[in-house]
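> Got a structure here, written out as structure tokens. Questions coming.
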Amino acid sequence: MAGLTAAAVAAVAFLAYQASANAPADVSAKPRTPASAPSSAPTGGPQKPAKDPLAVPAHSGSGARVVYALSERRVWLVDAKGQATHTFSVMPSTVSPAPGSYTVTSRSGAVTGSDGVQIEHVVRFATAQDVSVGFSAAVDGSLPTPDPERKTGGIRMKRADGDALWTFAAIGAKVVVVA
């Protein structure tokens, strides 16, 4: 039995030596540390810095305002100095307002949305395709994708974000929609 074990160990040692002798040089090199690992950024040009989520979109006006970026599905609450005080993602409705400047025209504390969901902190600012468009938060906290077969104007957000928007955007507040 001891002879078989010794023969097996010798065979494995011989095969290991043979494998290491025939391996390419870079395989036996020390592994790279994270600091020396290659960058995944493309070479040949300057790297783009990561976008600051608090950065207010260019060409969105000045002064205190709510900025709604359609393509980013994001809202910024901007103070009088032009600094974002709060930003958050939203779930757009099936009907979107055209880019431009609007004014908050009405608010409702709690109602039933056009999709039948109980909503709160409704801040309306536009009409598009004969549908009232505004921000709101579902009381149950959901952010479902709207039914594409229905024309709805509710831009949904989380309840905490709805609280912040409700406090910020009184009737007459400026809302700027950017592409």
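Residue names in the structure tokens use chain letters A, B, ... in the order shown, residue numbers from 1 in each chain, and ligand numbers from 1 in the order shown.
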Would you pick out the contacts of range 172-176 of chain A at 7 Å or less, using only C-alpha atoms, so that residues sharing its chain but fewer than 3 positions from it are not included, and give the list as a PyMOL selection string?

chain A and resi 60+65-68+100-105+169

> So which bits of range 78-172 of chain A end up strand (DSSP E) when you DSSP the backbone, as a ChimeraX atom specification?

/A:78,84-89,100-103,106-112,118-128,131-138,154-157

> Grab the residues selected above and save them as a PDB file, in the first residue's frame with C-alpha atoms.


ATOM      1  CA  VAL A  78     -33.227  73.975  -6.959  1.00  0.00           C
ATOM      2  CA  ALA A  84     -29.879  71.501  -5.964  1.00  0.00           C
ATOM      3  CA  THR A  85     -31.195  70.856  -2.473  1.00  0.00           C
ATOM      4  CA  HIS A  86     -32.745  67.490  -3.325  1.00  0.00           C
ATOM      5  CA  THR A  87     -32.807  65.182  -6.350  1.00  0.00           C
ATOM      6  CA  PHE A  88     -34.610  61.919  -6.967  1.00  0.00           C
ATOM      7  CA  SER A  89     -35.681  59.532  -9.705  1.00  0.00           C
ATOM      8  CA  GLY A 100     -40.292  74.319 -21.404  1.00  0.00           C
ATOM      9  CA  SER A 101     -41.110  76.432 -18.394  1.00  0.00           C
ATOM     10  CA  TYR A 102     -44.327  75.920 -16.409  1.00  0.00           C
ATOM     11  CA  THR A 103     -45.925  77.088 -13.178  1.00  0.00           C
ATOM     12  CA  SER A 106     -52.876  73.313  -8.410  1.00  0.00           C
ATOM     13  CA  ARG A 107     -52.143  70.940  -5.562  1.00  0.00           C
ATOM     14  CA  SER A 108     -54.088  68.185  -3.833  1.00  0.00           C
ATOM     15  CA  GLY A 109     -53.185  66.538  -0.547  1.00  0.00           C
ATOM     16  CA  ALA A 110     -54.739  63.144  -1.320  1.00  0.00           C
ATOM     17  CA  VAL A 111     -56.816  61.898  -4.264  1.00  0.00           C
ATOM     18  CA  THR A 112     -57.307  58.873  -6.472  1.00  0.00           C
ATOM     19  CA  GLN A 118     -54.547  56.342  -4.025  1.00  0.00           C
ATOM     20  CA  ILE A 119     -51.974  59.154  -4.270  1.00  0.00           C
ATOM     21  CA  GLU A 120     -50.814  62.057  -2.129  1.00  0.00           C
ATOM     22  CA  HIS A 121     -48.938  65.328  -2.513  1.00  0.00           C
ATOM     23  CA  VAL A 122     -50.150  65.988  -6.046  1.00  0.00           C
ATOM     24  CA  VAL A 123     -48.438  68.993  -7.641  1.00  0.00           C
ATOM     25  CA  ARG A 124     -49.918  69.809 -11.076  1.00  0.00           C
ATOM     26  CA  PHE A 125     -48.095  72.043 -13.526  1.00  0.00           C
ATOM     27  CA  ALA A 126     -49.050  71.251 -17.132  1.00  0.00           C
ATOM     28  CA  THR A 127     -51.621  69.873 -19.532  1.00  0.00           C
ATOM     29  CA  ALA A 128     -50.630  67.672 -22.459  1.00  0.00           C
ATOM     30  CA  VAL A 131     -54.386  65.268 -19.618  1.00  0.00           C
ATOM     31  CA  SER A 132     -53.360  67.099 -16.445  1.00  0.00           C
ATOM     32  CA  VAL A 133     -49.677  66.429 -15.698  1.00  0.00           C
ATOM     33  CA  GLY A 134     -48.186  66.538 -12.218  1.00  0.00           C
ATOM     34  CA  PHE A 135     -46.010  64.911  -9.627  1.00  0.00           C
ATOM     35  CA  SER A 136     -47.446  62.545  -7.024  1.00  0.00           C
ATOM     36  CA  ALA A 137     -46.596  59.699  -4.682  1.00  0.00           C
ATOM     37  CA  ALA A 138     -48.623  56.508  -4.300  1.00  0.00           C
ATOM     38  CA  GLY A 154     -49.013  61.264 -12.952  1.00  0.00           C
ATOM     39  CA  ILE A 155     -45.228  61.412 -12.568  1.00  0.00           C
ATOM     40  CA  ARG A 156     -44.700  59.105  -9.596  1.00  0.00           C
ATOM     41  CA  MET A 157     -42.048  59.340  -6.919  1.00  0.00           C
TER      42      MET A 157
END

> Rank nothing, just name the residue among A:Leu77, A:Ala98, A:Val90, A:Leu54 nearest to Thr167 in chain A, using only C-alpha atoms.

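For Thr167 in chain A, the nearest of the given residues is A:Leu77.
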
> Rank nothing, just name the residue among A:Asp115, A:Asp130, A:Asp161, A:Asp52 nearest to Asp147 in chain A, using only C-alpha atoms.

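Of all the options, A:Asp115 lies closest to Asp147 in chain A.
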